[in-house]
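Trainee: File follows, query26.txt with compact mmCIF, C-alpha atoms:
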# COMPACT_ATOMS: atom_id res chain seq x y z
CA MET C 1 19.12 -26.78 -23.85
CA ILE C 2 19.41 -27.64 -20.17
CA VAL C 3 16.48 -29.61 -18.81
CA GLY C 4 15.59 -29.51 -15.13
CA LYS C 5 12.79 -30.58 -12.85
CA GLN C 6 11.42 -28.65 -9.89
CA LYS C 7 12.30 -30.17 -6.56
CA PRO C 8 9.31 -31.27 -4.49
CA ILE C 9 7.87 -28.25 -2.70
CA GLU C 10 8.39 -29.99 0.64
CA GLU C 11 12.14 -29.95 -0.04
CA THR C 12 12.37 -26.33 -1.17
CA TRP C 13 10.03 -25.20 1.57
CA ALA C 14 12.34 -26.71 4.19
CA MET C 15 15.20 -24.69 2.68
CA VAL C 16 13.51 -21.30 2.90
CA LYS C 17 10.73 -21.31 5.50
CA ASP C 18 12.85 -20.00 8.35
CA PHE C 19 13.85 -16.82 6.52
CA SER C 20 11.96 -13.51 6.63
CA ARG C 21 12.29 -12.43 2.99
CA VAL C 22 12.44 -15.04 0.28
CA LEU C 23 12.80 -14.38 -3.42
CA VAL C 24 11.72 -17.13 -5.82
CA PHE C 25 13.81 -16.34 -8.85
CA GLY C 26 13.10 -17.65 -12.34
CA CYS C 27 15.49 -18.21 -15.21
CA ASN C 28 13.57 -17.59 -18.40
CA THR C 29 15.57 -19.47 -21.01
CA CYS C 30 16.37 -23.22 -20.93
CA VAL C 31 14.39 -24.22 -17.88
CA ALA C 32 11.44 -22.09 -18.98
CA VAL C 33 11.13 -24.20 -22.12
CA CYS C 34 10.69 -27.34 -20.03
CA HIS C 35 8.08 -25.51 -17.87
CA GLU C 36 10.03 -25.93 -14.65
CA GLY C 37 12.07 -22.85 -13.86
CA GLY C 38 10.93 -19.87 -15.91
CA ASN C 39 9.56 -16.62 -14.56
CA LYS C 40 6.02 -17.99 -14.82
CA GLU C 41 6.96 -21.03 -12.76
CA ALA C 42 8.61 -18.72 -10.23
CA GLN C 43 5.31 -16.84 -9.87
CA ILE C 44 3.38 -20.07 -9.36
CA LEU C 45 5.85 -21.48 -6.84
CA ALA C 46 5.88 -18.21 -4.90
CA SER C 47 2.06 -18.31 -4.75
CA LEU C 48 2.11 -21.89 -3.50
CA MET C 49 4.68 -20.99 -0.87
CA ARG C 50 2.57 -18.07 0.28
CA MET C 51 -0.34 -20.49 0.73
CA LYS C 52 1.91 -22.77 2.71
CA ALA C 53 3.19 -19.92 4.85
CA THR C 54 -0.36 -18.81 5.62
CA GLN C 55 -1.40 -22.30 6.63
CA GLU C 56 1.64 -22.72 8.86
CA GLY C 57 1.16 -19.28 10.43
CA LEU C 58 4.58 -18.07 9.32
CA SER C 59 5.14 -14.41 8.60
CA LEU C 60 7.77 -14.62 5.92
CA GLU C 61 7.44 -12.39 2.90
CA ILE C 62 7.76 -14.14 -0.45
CA ARG C 63 8.36 -12.33 -3.72
CA ASP C 64 8.98 -13.64 -7.19
CA SER C 65 11.16 -12.25 -9.90
CA GLY C 66 13.22 -13.51 -12.78
CA ILE C 67 15.59 -12.72 -15.57
CA GLU C 68 16.37 -14.17 -18.97
CA ARG C 69 19.51 -16.03 -17.88
CA GLN C 70 21.07 -16.51 -14.48
CA CYS C 71 24.37 -17.60 -15.99
CA GLU C 72 25.38 -14.19 -17.41
CA HIS C 73 26.15 -10.92 -15.61
CA GLU C 74 24.41 -8.80 -18.25
CA PHE C 75 20.92 -9.93 -17.33
CA PHE C 76 20.96 -9.21 -13.61
CA GLU C 77 20.55 -5.45 -13.61
CA SER C 78 16.74 -5.45 -13.67
CA ALA C 79 16.56 -7.74 -10.63
CA GLU C 80 19.29 -6.26 -8.42
CA LYS C 81 16.82 -4.62 -6.01
CA ASP C 82 14.81 -7.81 -5.57
CA ILE C 83 17.94 -9.84 -4.91
CA GLU C 84 19.35 -7.34 -2.43
CA TRP C 85 16.00 -7.27 -0.62
CA ALA C 86 16.02 -11.02 0.01
CA ASP C 87 17.44 -12.98 2.94
CA ALA C 88 17.41 -16.03 0.74
CA VAL C 89 16.96 -16.64 -2.97
CA LEU C 90 15.34 -19.80 -4.24
CA SER C 91 16.73 -20.00 -7.74
CA LEU C 92 14.81 -21.92 -10.36
CA ALA C 93 17.81 -21.93 -12.70
CA CYS C 94 19.89 -24.98 -13.48
CA GLY C 95 22.93 -25.71 -11.34
CA VAL C 96 24.94 -23.34 -13.51
CA GLY C 97 22.66 -20.42 -12.70
CA VAL C 98 22.57 -21.18 -8.98
CA GLN C 99 26.36 -21.27 -8.80
CA PHE C 100 26.69 -18.17 -10.93
CA MET C 101 24.49 -16.32 -8.43
CA VAL C 102 26.56 -17.64 -5.54
CA LYS C 103 29.68 -16.23 -7.21
CA ARG C 104 28.00 -12.93 -8.07
CA TYR C 105 26.35 -12.42 -4.66
CA PRO C 106 28.68 -14.04 -2.13
CA GLU C 107 26.78 -12.48 0.77
CA ILE C 108 23.34 -13.81 -0.22
CA LEU C 109 22.11 -17.35 0.42
CA VAL C 110 21.04 -18.97 -2.81
CA TYR C 111 19.19 -22.29 -2.79
CA PRO C 112 18.43 -24.59 -5.73
CA GLY C 113 14.76 -24.99 -6.63
CA LEU C 114 15.44 -27.42 -9.44
CA ASP C 115 17.19 -30.69 -9.97
CA THR C 116 19.20 -30.18 -13.14
CA CYS C 117 18.64 -33.27 -15.26
CA PHE C 118 20.29 -33.26 -18.68
CA LEU C 119 21.04 -31.55 -21.99
CA GLY C 120 18.14 -32.36 -24.21
CA ASP C 121 15.75 -31.45 -26.95
CA VAL C 122 12.02 -30.87 -27.18
CA GLU C 123 11.07 -34.06 -28.97
CA LYS C 124 7.45 -32.95 -28.91
CA ASN C 125 5.29 -30.77 -26.71
CA GLY C 126 5.90 -31.87 -23.15
CA LEU C 127 8.54 -34.48 -23.99
CA PHE C 128 12.19 -33.63 -23.36
CA THR C 129 14.85 -36.19 -24.13
CA GLU C 130 18.55 -36.36 -23.41
CA SER C 131 20.70 -36.00 -26.49
CA CYS C 132 24.12 -34.68 -25.48
CA GLN C 133 26.49 -35.33 -22.60
CA ALA C 134 28.89 -32.49 -23.39
CA CYS C 135 31.72 -35.01 -23.64
CA GLY C 136 33.98 -32.42 -25.22
CA LYS C 137 34.82 -34.51 -28.29
CA CYS C 138 31.85 -34.87 -30.60
CA VAL C 139 31.51 -38.19 -32.44
CA LEU C 140 28.34 -37.36 -34.38
CA ALA C 141 30.23 -37.23 -37.69
CA GLU C 142 31.03 -40.93 -37.30
CA THR C 143 27.65 -42.03 -35.97
CA ALA C 144 25.18 -40.73 -38.53
CA GLY C 145 24.33 -37.75 -36.31
CA ILE C 146 23.04 -39.94 -33.49
CA CYS C 147 25.01 -39.75 -30.25
CA PRO C 148 25.95 -43.06 -28.66
CA VAL C 149 27.59 -41.26 -25.74
CA SER C 150 24.29 -39.83 -24.56
CA ARG C 151 21.76 -42.23 -26.06
CA CYS C 152 23.41 -45.60 -25.50
CA ALA C 153 23.16 -46.71 -21.87
CA LYS C 154 26.68 -48.15 -22.06
CA ARG C 155 28.12 -45.33 -24.18
CA VAL C 156 29.37 -48.01 -26.56
CA LEU C 157 31.32 -46.53 -29.47
CA ASN C 158 31.33 -49.65 -31.64
CA GLY C 159 27.86 -51.00 -31.09
CA PRO C 160 25.40 -52.41 -30.76
CA CYS C 161 26.14 -54.53 -27.71
CA GLY C 162 24.56 -57.91 -27.05
CA GLY C 163 21.74 -56.26 -25.13
CA SER C 164 20.16 -54.76 -28.23
CA ASN C 165 16.89 -56.59 -28.80
CA LYS C 166 14.51 -55.87 -31.69
CA GLY C 167 15.70 -52.29 -31.81
CA ALA C 168 15.33 -51.73 -28.08
CA CYS C 169 17.88 -51.38 -25.29
CA GLU C 170 18.12 -54.12 -22.70
CA ILE C 171 17.64 -51.67 -19.83
CA ASN C 172 14.18 -50.63 -21.03
CA LYS C 173 12.11 -51.98 -23.90
CA ASP C 174 10.78 -48.47 -24.56
CA LEU C 175 14.28 -47.10 -25.04
CA PRO C 176 15.49 -47.34 -28.64
CA CYS C 177 18.92 -48.91 -29.08
CA ALA C 178 21.06 -45.95 -30.18
CA TRP C 179 23.21 -48.22 -32.31
CA GLN C 180 20.19 -49.69 -34.06
CA LEU C 181 19.17 -46.11 -34.86
CA ILE C 182 22.67 -45.39 -36.15
CA VAL C 183 22.74 -48.48 -38.38
CA ASP C 184 19.23 -47.80 -39.67
CA ARG C 185 20.12 -44.23 -40.54
CA LEU C 186 23.38 -45.17 -42.22
CA GLU C 187 21.48 -47.71 -44.28
CA ALA C 188 18.81 -45.18 -45.23
CA LEU C 189 21.53 -42.74 -46.29
CA GLY C 190 23.32 -45.40 -48.33
CA ARG C 191 26.39 -45.09 -46.12
CA LEU C 192 26.42 -48.46 -44.41
CA ALA C 193 30.10 -48.83 -45.36
CA ASP C 194 30.83 -46.17 -42.68
CA TYR C 195 29.64 -48.65 -40.07
CA GLU C 196 32.61 -50.89 -40.84
CA ARG C 197 35.05 -48.23 -39.63
CA LEU C 198 36.05 -48.98 -36.05
CA ALA C 199 35.98 -46.05 -33.66
CA PRO C 200 39.26 -45.63 -31.79
CA ILE C 201 39.39 -45.56 -28.00
CA LYS C 202 37.74 -42.31 -26.95
CA ASP C 203 39.73 -39.65 -25.16
CA TRP C 204 37.59 -39.13 -22.07
CA SER C 205 39.89 -36.45 -20.67
CA THR C 206 37.75 -33.86 -22.45
CA GLU C 207 34.75 -35.03 -20.47
CA ARG C 208 34.34 -34.74 -16.68
CA ALA C 209 37.15 -37.26 -16.19
CA GLY C 210 39.55 -34.39 -16.81
CA GLY C 211 37.97 -32.25 -14.06
CA PRO C 212 35.90 -29.07 -14.50
CA ARG C 213 36.34 -27.62 -17.97
CA LYS C 214 36.87 -24.12 -19.32
CA LEU C 215 36.59 -22.41 -22.66
CA ILE C 216 38.75 -19.32 -22.99
CA HIS C 217 38.51 -16.62 -25.67
CA GLU C 218 41.27 -14.23 -24.72
CA GLU C 219 40.21 -11.70 -27.35
CA PHE C 220 36.94 -11.16 -25.49
CA MET C 221 38.52 -10.98 -22.05
CA LYS C 222 40.31 -7.65 -22.55
CA MET S 1 -2.31 -26.17 -10.94
CA LYS S 2 -4.41 -29.25 -10.19
CA ARG S 3 -1.21 -31.20 -9.75
CA LEU S 4 0.42 -28.57 -7.55
CA LEU S 5 -2.39 -27.48 -5.23
CA PRO S 6 -2.59 -30.72 -3.22
CA ARG S 7 1.09 -30.18 -2.32
CA VAL S 8 0.06 -27.17 -0.27
CA GLY S 9 -3.07 -28.76 1.17
CA VAL S 10 -5.60 -27.29 -1.25
CA ASP S 11 -8.22 -29.50 -2.91
CA PRO S 12 -7.64 -29.40 -6.68
CA ALA S 13 -11.41 -29.41 -7.18
CA ARG S 14 -11.27 -25.75 -6.11
CA VAL S 15 -9.86 -24.71 -9.46
CA GLU S 16 -11.19 -25.43 -12.93
CA MET S 17 -10.48 -24.07 -16.36
CA PHE S 18 -13.13 -23.52 -19.00
CA ASN S 19 -12.64 -22.35 -22.54
CA LEU S 20 -15.54 -20.24 -23.76
CA SER S 21 -16.12 -17.68 -26.44
CA SER S 22 -17.67 -14.30 -25.63
CA ALA S 23 -20.80 -15.48 -27.44
CA MET S 24 -21.48 -18.20 -24.88
CA GLY S 25 -23.17 -16.18 -22.17
CA PRO S 26 -25.73 -18.79 -21.10
CA ARG S 27 -23.02 -21.46 -20.73
CA TRP S 28 -20.91 -18.99 -18.77
CA ALA S 29 -23.78 -18.39 -16.34
CA GLU S 30 -24.33 -22.13 -16.05
CA ILE S 31 -20.67 -22.74 -15.23
CA CYS S 32 -20.69 -19.96 -12.65
CA ASN S 33 -23.70 -21.48 -10.92
CA GLU S 34 -22.26 -25.00 -11.02
CA PHE S 35 -18.90 -23.88 -9.73
CA THR S 36 -20.39 -21.73 -6.98
CA GLU S 37 -22.38 -24.74 -5.84
CA ARG S 38 -19.28 -26.90 -5.87
CA ILE S 39 -17.33 -24.43 -3.74
CA ARG S 40 -20.26 -24.15 -1.31
CA GLN S 41 -20.15 -27.91 -0.88
CA LEU S 42 -16.38 -27.92 -0.38
CA GLY S 43 -16.65 -25.21 2.27
CA PRO S 44 -14.13 -22.52 3.18
CA SER S 45 -10.63 -23.04 1.81
CA PRO S 46 -7.90 -24.07 4.24
CA ILE S 47 -6.16 -20.78 3.45
CA ARG S 48 -9.19 -18.84 4.62
CA ALA S 49 -9.40 -21.03 7.70
CA ALA S 50 -5.72 -20.35 8.45
CA LEU S 51 -6.27 -16.62 8.05
CA GLY S 52 -9.19 -16.92 10.45
CA ARG S 53 -6.87 -18.52 12.98
CA GLY S 54 -4.64 -15.50 12.73
CA GLY S 55 -2.26 -16.89 10.11
CA LYS S 56 -0.56 -13.90 8.62
CA GLY S 57 2.22 -15.42 6.59
CA GLY S 58 2.85 -15.52 2.93
CA THR S 59 2.66 -11.88 2.11
CA ALA S 60 3.48 -10.74 -1.36
CA SER S 61 4.60 -7.29 -2.31
Go ahead and express the file in the form of C-alpha cells.
Mentor:
Amino acid sequence: MIVGKQKPIEETWAMVKDFSRVLVFGCNTCVAVCHEGGNKEAQILASLMRMKATQEGLSLEIRDSGIERQCEHEFFESAEKDIEWADAVLSLACGVGVQFMVKRYPEILVYPGLDTCFLGDVEKNGLFTESCQACGKCVLAETAGICPVSRCAKRVLNGPCGGSNKGACEINKDLPCAWQLIVDRLEALGRLADYERLAPIKDWSTERAGGPRKLIHEEFMK
Amino acid sequence: MKRLLPRVGVDPARVEMFNLSSAMGPRWAEICNEFTERIRQLGPSPIRAALGRGGKGGTAS
C-alpha cells in the first residue's frame, strides 16, 4: 500500500487559511491504514483547523468528508456536493489522489495534506516499512523474495557490498542489510546455489528513468 | 490527540482517555471529580477565550 505522513498543520494551514470554504477530504484506503489520511484523520484535522481559525479570528468554514479512494472516478459520487461547495480542498490522499482530483475537478483548487512517502507493508501495528519501489521489473524471484531495489540503500543487485557489517547496513546499524537477509533466507531454504548466479545489468527504463509510466488494457477502455 | 492539540495552541492536559466498565461507577465519579478539578486549575481554554474576543471562525456544518 501507499504510505504517507500528514504535513505539519502549520504548512497545510498556510495553504488554506485565506479561503472561505475549505473541505478536508480523506482517502479511506491506503493512507487510512497508516493512520494519516483516512476519513477519520480528515475529521480530526478539520476539527484542529476549526480551533485554529477560531483562535486567529478567521471566519472560514471548514468541513470534512472522504471517500474510499481518490484515485478512481467511481468513488466520487457521494462527495460531489461537498467538493463543489468548497473554494479549496485539502486532500489527505497520496500524491496520486491529489493529482487525480486536479484532473477531475480542473476548476477547484486542491492542496496536498500529506507527504507521500513510500510503498510499504504493515510490519506490525504502527510500523510501516518500505518494501517496493515499483521499478517495473520485479527481481524477487532471484532474490529469495526480498527486494534489494527497495531494501538495499545502494540498490545493489549482486550484494552484499562492503558496507554490510554484522547483518546491518553501513548507513544505519538498525537497518538490516537486505543482501544478508537474502543470503540467510536462501540458506534456510537450501537454495544457496542460487546466490552464485550473477544478476545481469538491470533495465532501469521500466522505472522512473523511462519517464512517467502507463499500463493500458484496451479491452477495458471501450 | 495529545500529540496534535499543542499544534493548535491547546494544552494536551485538557484531554484524557479512561477505559472503564459500566460496573465501575465509583471510579467514574472519582475521575470526573479529578478531571473537573484539573480543568478548573488550567482555566478557560484558549478557544473559549478567542470566542470571547469575538473570534467567530472555524464553523462546521
Trainee: Nearest to C:Thr116: which of C:Leu181, C:Val31, C:Val16, C:Met221 is it, counting all atoms listed in the file?
Mentor: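 Smallest separation from C:Thr116 among the options: C:Val31.
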Trainee: Restricting the calculation to only C-alpha atoms: of C:Leu90, C:Ile83, C:Ala46, C:Val96, which residue gets closest to C:Thr12?
Mentor: C:Leu90
Trainee: Output as number ranges by chain the set of chain C residues within 10 Å of chain S, with distances taken over all atoms listed in the file.
Mentor: C: 8-10, 20-22, 44-64
Trainee: Please provide the set of residues having any atom within 7 Å of C:Lys7, restricted to only C-alpha atoms, with same-chain residues fewer than 4 positions apart removed, written as number ranges by chain.
Mentor: C: 11-12, 113-115
Trainee: Using all atoms listed in the file for the distances, tell me which of S:Pro26, S:Val15, S:Arg3, S:Leu20 is nearest to S:Leu42.
Mentor: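 The shortest atom-to-atom distance to S:Leu42 comes from S:Val15.
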Trainee: Using only C-alpha atoms, find all polymer residues with an atom at most 12 Å away from the point (13.9, -50.9, -25.8); report them as a PyMOL selection string.
Mentor: chain C and resi 151-153+163-181
Trainee: Is it possible to get the axis-aligned box enclosing stretch 33-52 of chain S (all listed atoms, 5 Å extra per side) as JSON, with centre and edge lengths in Å rounded to one decimal?
Mentor:
{"center_x": -14.7, "center_y": -22.3, "center_z": -0.3, "size_x": 28.0, "size_y": 21.3, "size_z": 31.5}
Trainee: Atom CA of C:Phe25 and atom CA of C:Ala93 are how many Å apart?
Mentor: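 Between atom CA of C:Phe25 and atom CA of C:Ala93 the gap is 7.9 Å.
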Trainee: Can you tell me, as an mmCIF file with C-alpha atoms, keeping the file's coordinate frame, what residues are no more than 12 Å from stretch 78-80 of chain C when counting all atoms listed in the file, ignoring any on the same chain fewer than 3 positions away?
Mentor:
data_model
loop_
_atom_site.group_PDB
_atom_site.id
_atom_site.type_symbol
_atom_site.label_atom_id
_atom_site.label_comp_id
_atom_site.auth_asym_id
_atom_site.auth_seq_id
_atom_site.Cartn_x
_atom_site.Cartn_y
_atom_site.Cartn_z
ATOM 1 C CA LEU C 23 12.800 -14.380 -3.420
ATOM 2 C CA VAL C 24 11.720 -17.130 -5.820
ATOM 3 C CA PHE C 25 13.810 -16.340 -8.850
ATOM 4 C CA GLY C 26 13.100 -17.650 -12.340
ATOM 5 C CA CYS C 27 15.490 -18.210 -15.210
ATOM 6 C CA ASN C 39 9.560 -16.620 -14.560
ATOM 7 C CA ARG C 63 8.360 -12.330 -3.720
ATOM 8 C CA ASP C 64 8.980 -13.640 -7.190
ATOM 9 C CA SER C 65 11.160 -12.250 -9.900
ATOM 10 C CA GLY C 66 13.220 -13.510 -12.780
ATOM 11 C CA ILE C 67 15.590 -12.720 -15.570
ATOM 12 C CA GLU C 68 16.370 -14.170 -18.970
ATOM 13 C CA ARG C 69 19.510 -16.030 -17.880
ATOM 14 C CA GLN C 70 21.070 -16.510 -14.480
ATOM 15 C CA HIS C 73 26.150 -10.920 -15.610
ATOM 16 C CA GLU C 74 24.410 -8.800 -18.250
ATOM 17 C CA PHE C 75 20.920 -9.930 -17.330
ATOM 18 C CA ILE C 83 17.940 -9.840 -4.910
ATOM 19 C CA GLU C 84 19.350 -7.340 -2.430
ATOM 20 C CA TRP C 85 16.000 -7.270 -0.620
ATOM 21 C CA ALA C 86 16.020 -11.020 0.010
ATOM 22 C CA VAL C 89 16.960 -16.640 -2.970
ATOM 23 C CA MET C 101 24.490 -16.320 -8.430
ATOM 24 C CA ARG C 104 28.000 -12.930 -8.070
ATOM 25 C CA TYR C 105 26.350 -12.420 -4.660
ATOM 26 C CA ILE C 108 23.340 -13.810 -0.220
#
Trainee: Provide the atom CA of C:Thr129 to atom CA of C:Val3 distance in Å, to one decimal place.
Mentor: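 Atom CA of C:Thr129 sits 8.6 Å away from atom CA of C:Val3.
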Trainee: Please provide the set of residues having any atom within 9 Å of S:Lys2, restricted to only C-alpha atoms, with same-chain residues fewer than 3 positions apart removed, written as a VMD selection string.
Mentor: chain S and resid 5 to 6 11 to 16
Trainee: Point out the residue among C:Phe220, C:Tyr111, C:Trp204, C:Phe118 with the least atom-to-atom distance to C:Met1, counting only C-alpha atoms.
Mentor: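 Among the listed residues, the smallest separation from C:Met1 belongs to C:Phe118.
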Trainee: Find the residue from C:Ala209, C:Leu186, C:Leu92, C:Ala199 that sits nearest to C:Pro112; use all atoms listed in the file when measuring.
Mentor: C:Leu92
Trainee: Between atom CA of C:Thr143 and atom CA of C:Ile201, what is the distance, to one decimal in Å?
Mentor: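 Distance reported for this atom pair: 14.6 Å.
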